[in-house]
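Trainee: Input: one structure, supplied below.
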Amino acid sequence: MEGFYTLSQKTISEQTIDKSRFIGIGTPVHSLEQINQAMEGIRQDYPNARHYVYAYRLHEGNLEKASDDGEPQGTGGRPVLDILKHQNLWNILLVVVRYFGGVLLGTGGLTRAYGSTAKLVFEGVQLVRLTLFHQYQLSLTYEWYSSLKYQFEQRNWRIRDEEFLEVIRFIISVPENQTDLFLKWLADFTRNQVTYQDKGIVWE
């Protein structure tokens, strides 16, 4: 997978259907630990709700899960998860909190209610596209700095964490599919006078 979309920040939507209050909460997450913390926070923010239906997708490990939290099987978690899958959304916990209003909705009504509430979370929200980058820490003398920085900006290779000491060090982020091109270009352009350390891959 070359990239995926996610939320940049926590997003909340709400609607009332046949006297039941449905609250959708989308939270960007990167680990199971963050999911557990977010779920605990939501239960504290919305106490005494009848159901906390949720779904999540984590790109690392290709993990996904859905929970009906007491609703009839397949009426809550599945339609919530389907919203994430349909839009190729990852690293998101999507929760729909329900305060029961006394009117039974039936399985079809529940499926529509949870699915539409989940969908509302993303309406009008600017999603962020993340792409796989390879990071290298470069060490160079000051004479190379200006020309390298210019060349990197022209190629949209991103500079991070600059340090100006006896030598200059910074992180350069290169799209994963340009890694071989970058290493060959760096060796040729600097005549192997700039050293680097492989720092691994990240999603940015």
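The way I read the labels, and the way they are meant: chains A, B, ... in the order of the structure tokens, residue 1 as the first residue of every chain, and ligand 1 as the first ligand shown, with later ones counted on from there.
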I need the residues of stretch 74-203 of chain A that end up classed as alpha helix (DSSP H) by DSSP on the backbone, written out as a VMD selection string.
Mentor: chain A and resid 77 to 86 106 to 120 142 to 154 179 to 190
Trainee: Export, as a JSON list (two decimals), in the first residue's frame, the selected residues with C-alpha atoms.
Mentor:
```json
[["chain", "number", "residue", "atom", "x", "y", "z"],
["A", 77, "GLY", "CA", -19.67, -2.55, 14.83],
["A", 78, "ARG", "CA", -19.87, -3.85, 11.27],
["A", 79, "PRO", "CA", -21.46, -0.73, 9.69],
["A", 80, "VAL", "CA", -19.01, 1.45, 11.65],
["A", 81, "LEU", "CA", -16.05, -0.59, 10.40],
["A", 82, "ASP", "CA", -17.44, -0.49, 6.86],
["A", 83, "ILE", "CA", -17.18, 3.32, 6.88],
["A", 84, "LEU", "CA", -13.45, 3.08, 7.65],
["A", 85, "LYS", "CA", -12.85, 0.40, 5.02],
["A", 86, "HIS", "CA", -14.87, 2.11, 2.30],
["A", 106, "GLY", "CA", -35.02, -3.05, 14.84],
["A", 107, "THR", "CA", -31.94, -4.54, 13.22],
["A", 108, "GLY", "CA", -32.28, -2.55, 9.99],
["A", 109, "GLY", "CA", -32.86, 0.68, 11.87],
["A", 110, "LEU", "CA", -29.87, 0.09, 14.11],
["A", 111, "THR", "CA", -27.59, -0.67, 11.17],
["A", 112, "ARG", "CA", -28.64, 2.56, 9.44],
["A", 113, "ALA", "CA", -28.36, 4.60, 12.65],
["A", 114, "TYR", "CA", -24.84, 3.44, 13.50],
["A", 115, "GLY", "CA", -23.64, 3.62, 9.91],
["A", 116, "SER", "CA", -25.02, 7.11, 9.30],
["A", 117, "THR", "CA", -23.64, 8.43, 12.60],
["A", 118, "ALA", "CA", -20.20, 7.04, 11.77],
["A", 119, "LYS", "CA", -20.38, 8.62, 8.33],
["A", 120, "LEU", "CA", -21.27, 12.01, 9.83],
["A", 142, "TYR", "CA", 28.78, 23.73, 6.38],
["A", 143, "GLU", "CA", 29.94, 24.20, 2.79],
["A", 144, "TRP", "CA", 27.43, 21.57, 1.63],
["A", 145, "TYR", "CA", 24.41, 22.86, 3.52],
["A", 146, "SER", "CA", 22.94, 25.50, 1.18],
["A", 147, "SER", "CA", 23.31, 23.51, -2.02],
["A", 148, "LEU", "CA", 21.93, 20.31, -0.49],
["A", 149, "LYS", "CA", 18.98, 22.08, 1.09],
["A", 150, "TYR", "CA", 18.11, 23.68, -2.24],
["A", 151, "GLN", "CA", 18.32, 20.35, -4.05],
["A", 152, "PHE", "CA", 16.18, 18.62, -1.43],
["A", 153, "GLU", "CA", 13.49, 21.31, -1.62],
["A", 154, "GLN", "CA", 13.35, 20.97, -5.41],
["A", 179, "THR", "CA", 15.17, 5.34, -1.79],
["A", 180, "ASP", "CA", 17.55, 3.87, -4.37],
["A", 181, "LEU", "CA", 17.37, 7.05, -6.45],
["A", 182, "PHE", "CA", 18.19, 9.18, -3.39],
["A", 183, "LEU", "CA", 21.21, 7.14, -2.27],
["A", 184, "LYS", "CA", 22.72, 7.12, -5.76],
["A", 185, "TRP", "CA", 22.03, 10.83, -6.24],
["A", 186, "LEU", "CA", 23.56, 11.71, -2.85],
["A", 187, "ALA", "CA", 26.74, 9.76, -3.59],
["A", 188, "ASP", "CA", 27.11, 11.30, -7.04],
["A", 189, "PHE", "CA", 26.21, 14.87, -6.08],
["A", 190, "THR", "CA", 28.46, 15.02, -2.98]]
```
Trainee: I'd like the contact shell of stretch 15-21 of chain A - 9 Å cut-off, only C-alpha atoms, skipping same-chain residues fewer than 6 positions apart - returned as a PyMOL selection string.
Mentor: chain A and resi 97-105+113+117+120
Trainee: Take the residues that were just selected and, keeping N, CA, C and O atoms, output them as a PDB file, in the first residue's frame.
Mentor:
```pdb
ATOM      1  N   VAL A  97     -21.523   6.283  20.414  1.00  0.00           N
ATOM      2  CA  VAL A  97     -22.144   6.161  21.730  1.00  0.00           C
ATOM      3  C   VAL A  97     -23.653   6.306  21.569  1.00  0.00           C
ATOM      4  O   VAL A  97     -24.127   7.227  20.883  1.00  0.00           O
ATOM      5  N   ARG A  98     -24.416   5.405  22.217  1.00  0.00           N
ATOM      6  CA  ARG A  98     -25.874   5.492  22.119  1.00  0.00           C
ATOM      7  C   ARG A  98     -26.493   5.653  23.501  1.00  0.00           C
ATOM      8  O   ARG A  98     -26.258   4.852  24.402  1.00  0.00           O
ATOM      9  N   TYR A  99     -27.278   6.718  23.637  1.00  0.00           N
ATOM     10  CA  TYR A  99     -28.153   6.883  24.796  1.00  0.00           C
ATOM     11  C   TYR A  99     -29.560   6.463  24.353  1.00  0.00           C
ATOM     12  O   TYR A  99     -30.169   7.127  23.516  1.00  0.00           O
ATOM     13  N   PHE A 100     -30.045   5.374  24.907  1.00  0.00           N
ATOM     14  CA  PHE A 100     -31.313   4.782  24.471  1.00  0.00           C
ATOM     15  C   PHE A 100     -32.484   5.682  24.830  1.00  0.00           C
ATOM     16  O   PHE A 100     -32.615   6.154  25.957  1.00  0.00           O
ATOM     17  N   GLY A 101     -33.350   5.914  23.836  1.00  0.00           N
ATOM     18  CA  GLY A 101     -34.473   6.813  24.040  1.00  0.00           C
ATOM     19  C   GLY A 101     -35.799   6.135  24.273  1.00  0.00           C
ATOM     20  O   GLY A 101     -36.842   6.789  24.354  1.00  0.00           O
ATOM     21  N   GLY A 102     -35.784   4.795  24.351  1.00  0.00           N
ATOM     22  CA  GLY A 102     -37.014   4.083  24.663  1.00  0.00           C
ATOM     23  C   GLY A 102     -37.731   3.492  23.475  1.00  0.00           C
ATOM     24  O   GLY A 102     -38.698   2.738  23.630  1.00  0.00           O
ATOM     25  N   VAL A 103     -37.289   3.802  22.260  1.00  0.00           N
ATOM     26  CA  VAL A 103     -37.928   3.280  21.055  1.00  0.00           C
ATOM     27  C   VAL A 103     -37.005   2.252  20.410  1.00  0.00           C
ATOM     28  O   VAL A 103     -35.852   2.543  20.097  1.00  0.00           O
ATOM     29  N   LEU A 104     -37.487   1.031  20.196  1.00  0.00           N
ATOM     30  CA  LEU A 104     -36.704  -0.007  19.538  1.00  0.00           C
ATOM     31  C   LEU A 104     -36.630   0.279  18.041  1.00  0.00           C
ATOM     32  O   LEU A 104     -37.643   0.548  17.404  1.00  0.00           O
ATOM     33  N   LEU A 105     -35.435   0.187  17.487  1.00  0.00           N
ATOM     34  CA  LEU A 105     -35.229   0.536  16.083  1.00  0.00           C
ATOM     35  C   LEU A 105     -35.238  -0.665  15.157  1.00  0.00           C
ATOM     36  O   LEU A 105     -35.346  -0.496  13.943  1.00  0.00           O
ATOM     37  N   ALA A 113     -28.676   3.564  11.661  1.00  0.00           N
ATOM     38  CA  ALA A 113     -28.361   4.595  12.651  1.00  0.00           C
ATOM     39  C   ALA A 113     -26.862   4.636  12.949  1.00  0.00           C
ATOM     40  O   ALA A 113     -26.240   5.712  12.965  1.00  0.00           O
ATOM     41  N   THR A 117     -24.347   7.632  11.590  1.00  0.00           N
ATOM     42  CA  THR A 117     -23.643   8.433  12.604  1.00  0.00           C
ATOM     43  C   THR A 117     -22.142   8.375  12.373  1.00  0.00           C
ATOM     44  O   THR A 117     -21.445   9.394  12.472  1.00  0.00           O
ATOM     45  N   LEU A 120     -21.218  10.583   9.498  1.00  0.00           N
ATOM     46  CA  LEU A 120     -21.274  12.010   9.835  1.00  0.00           C
ATOM     47  C   LEU A 120     -19.945  12.525  10.384  1.00  0.00           C
ATOM     48  O   LEU A 120     -19.612  13.700  10.207  1.00  0.00           O
TER      49      LEU A 120
END
```
Trainee: Taking 4 positions as the minimum chain separation for residues in the same chain, which residues sit within 8 Å of A:Asp68 when counting only C-alpha atoms? Answer as an MDAnalysis selection string.
Mentor: chainID A and resid 52:54 72:78
Trainee: Can you spit out the residues from that selection as a PDB file, in the first residue's frame, using N, CA, C and O atoms?
Mentor:
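Below is the file that was written, result.pdb:
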```
ATOM      1  N   TYR A  52     -21.533   1.480  23.709  1.00  0.00           N
ATOM      2  CA  TYR A  52     -20.343   2.130  23.155  1.00  0.00           C
ATOM      3  C   TYR A  52     -19.846   1.251  22.001  1.00  0.00           C
ATOM      4  O   TYR A  52     -18.921   0.455  22.146  1.00  0.00           O
ATOM      5  N   VAL A  53     -20.514   1.374  20.887  1.00  0.00           N
ATOM      6  CA  VAL A  53     -20.167   0.589  19.700  1.00  0.00           C
ATOM      7  C   VAL A  53     -18.895   1.185  19.078  1.00  0.00           C
ATOM      8  O   VAL A  53     -18.749   2.409  19.014  1.00  0.00           O
ATOM      9  N   TYR A  54     -17.979   0.315  18.621  1.00  0.00           N
ATOM     10  CA  TYR A  54     -16.745   0.875  18.069  1.00  0.00           C
ATOM     11  C   TYR A  54     -16.160  -0.027  16.990  1.00  0.00           C
ATOM     12  O   TYR A  54     -16.496  -1.218  16.861  1.00  0.00           O
ATOM     13  N   PRO A  72     -27.661  -6.111  18.818  1.00  0.00           N
ATOM     14  CA  PRO A  72     -27.747  -7.348  18.040  1.00  0.00           C
ATOM     15  C   PRO A  72     -26.552  -7.496  17.100  1.00  0.00           C
ATOM     16  O   PRO A  72     -26.084  -6.519  16.514  1.00  0.00           O
ATOM     17  N   GLN A  73     -26.068  -8.719  16.982  1.00  0.00           N
ATOM     18  CA  GLN A  73     -24.844  -8.986  16.240  1.00  0.00           C
ATOM     19  C   GLN A  73     -24.892  -8.416  14.825  1.00  0.00           C
ATOM     20  O   GLN A  73     -25.837  -8.652  14.077  1.00  0.00           O
ATOM     21  N   GLY A  74     -23.844  -7.649  14.478  1.00  0.00           N
ATOM     22  CA  GLY A  74     -23.709  -7.105  13.133  1.00  0.00           C
ATOM     23  C   GLY A  74     -24.424  -5.793  12.884  1.00  0.00           C
ATOM     24  O   GLY A  74     -24.294  -5.218  11.807  1.00  0.00           O
ATOM     25  N   THR A  75     -25.162  -5.283  13.880  1.00  0.00           N
ATOM     26  CA  THR A  75     -25.931  -4.060  13.650  1.00  0.00           C
ATOM     27  C   THR A  75     -25.163  -2.789  14.013  1.00  0.00           C
ATOM     28  O   THR A  75     -25.569  -1.695  13.615  1.00  0.00           O
ATOM     29  N   GLY A  76     -24.065  -2.915  14.770  1.00  0.00           N
ATOM     30  CA  GLY A  76     -23.337  -1.730  15.218  1.00  0.00           C
ATOM     31  C   GLY A  76     -21.913  -1.669  14.691  1.00  0.00           C
ATOM     32  O   GLY A  76     -21.552  -0.815  13.891  1.00  0.00           O
ATOM     33  N   GLY A  77     -21.085  -2.587  15.178  1.00  0.00           N
ATOM     34  CA  GLY A  77     -19.667  -2.551  14.828  1.00  0.00           C
ATOM     35  C   GLY A  77     -19.394  -2.708  13.352  1.00  0.00           C
ATOM     36  O   GLY A  77     -18.544  -2.020  12.789  1.00  0.00           O
ATOM     37  N   ARG A  78     -20.125  -3.603  12.698  1.00  0.00           N
ATOM     38  CA  ARG A  78     -19.868  -3.846  11.271  1.00  0.00           C
ATOM     39  C   ARG A  78     -20.127  -2.611  10.411  1.00  0.00           C
ATOM     40  O   ARG A  78     -19.271  -2.244   9.600  1.00  0.00           O
TER      41      ARG A  78
END
```
Trainee: Between A:Thr131, A:Gln87, A:Asn177, A:Gln9, which is the closest to A:Ile25 once you count only C-alpha atoms?
Mentor: A:Gln9
Trainee: For A:Gly200, which residue out of A:Ser31, A:Thr6, A:Gln37, A:Gln135 is the nearest one, using only C-alpha atoms?
Mentor: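 Using only C-alpha atoms, the shortest distance to A:Gly200 belongs to A:Gln135.
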Trainee: Between atom CA of A:Leu127 and atom CA of A:His51, what is the spacing in Å?
Mentor: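 If I compute the distance from atom CA of A:His51 to atom CA of A:Leu127, I get 27.1 Å.
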Trainee: Just to confirm, what's the straight-line distance from atom CA of A:Val194 to atom CA of A:Ile168 in Å (one decimal)?
Mentor: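 Rounded to one decimal, the two atoms are 10.3 Å apart.
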Trainee: Which residues are close to A:Ala38, i.e. within 9 Å by only C-alpha atoms, leaving aside same-chain residues fewer than 3 positions away? Reply as a compact mmCIF listing (two decimals) with C-alpha atoms, in the first residue's frame.
Mentor:
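Contents of part-v3.txt, freshly written:
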```
# COMPACT_ATOMS: atom_id res chain seq x y z
CA THR A 27 -9.91 9.60 17.15
CA VAL A 29 -4.54 6.39 17.06
CA GLU A 33 -2.59 1.15 24.00
CA GLN A 34 -3.85 4.44 22.56
CA ILE A 35 -7.13 2.75 21.60
CA GLY A 41 -11.75 8.58 28.02
CA ILE A 42 -14.92 8.31 25.94
CA ARG A 43 -16.67 6.28 28.65
CA LEU A 93 -10.76 4.55 16.43
```
Trainee: Would you mind reading off the distance between atom CA of A:Glu166 and atom CA of A:Leu138, one decimal, in Å?
Mentor: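 Interatomic distance, atom CA of A:Glu166 to atom CA of A:Leu138: 13.5 Å.
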Trainee: Taking only C-alpha atoms into account, name the residue in A:Val202, A:Leu58, A:Ala66, A:Ile171 that is nearest to A:Leu89.
Mentor: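 Nearest to A:Leu89: A:Leu58.
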Trainee: Pick the closest to A:Val125 from A:His30, A:Arg169, A:Lys10, A:Arg158: which is it, counting only C-alpha atoms?
Mentor: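 Of the candidates, the smallest distance to A:Val125 is held by A:Lys10.
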Trainee: For the strand (DSSP E) assignment from backbone DSSP, which residues of chain A qualify? Please present them as an MDAnalysis selection string.
Mentor: chainID A and resid 3:6 11:17 20:28 51:58 63:67 92:99 128:140 158:164 168:175 195:203
Trainee: Give me the residues near A:Arg57 as number ranges by chain, where near means some atom within 7 Å (using only C-alpha atoms) and where sequence neighbours in that chain fewer than 6 positions away do not count.
Mentor: A: 63-65, 90-93
Trainee: Kindly indicate which residue among A:Ser173, A:Val96, A:Ile201, A:Gln44 lies nearest to A:Asp161, using only C-alpha atoms for the distances.
Mentor: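 Closest residue, counting only C-alpha atoms: A:Ser173.
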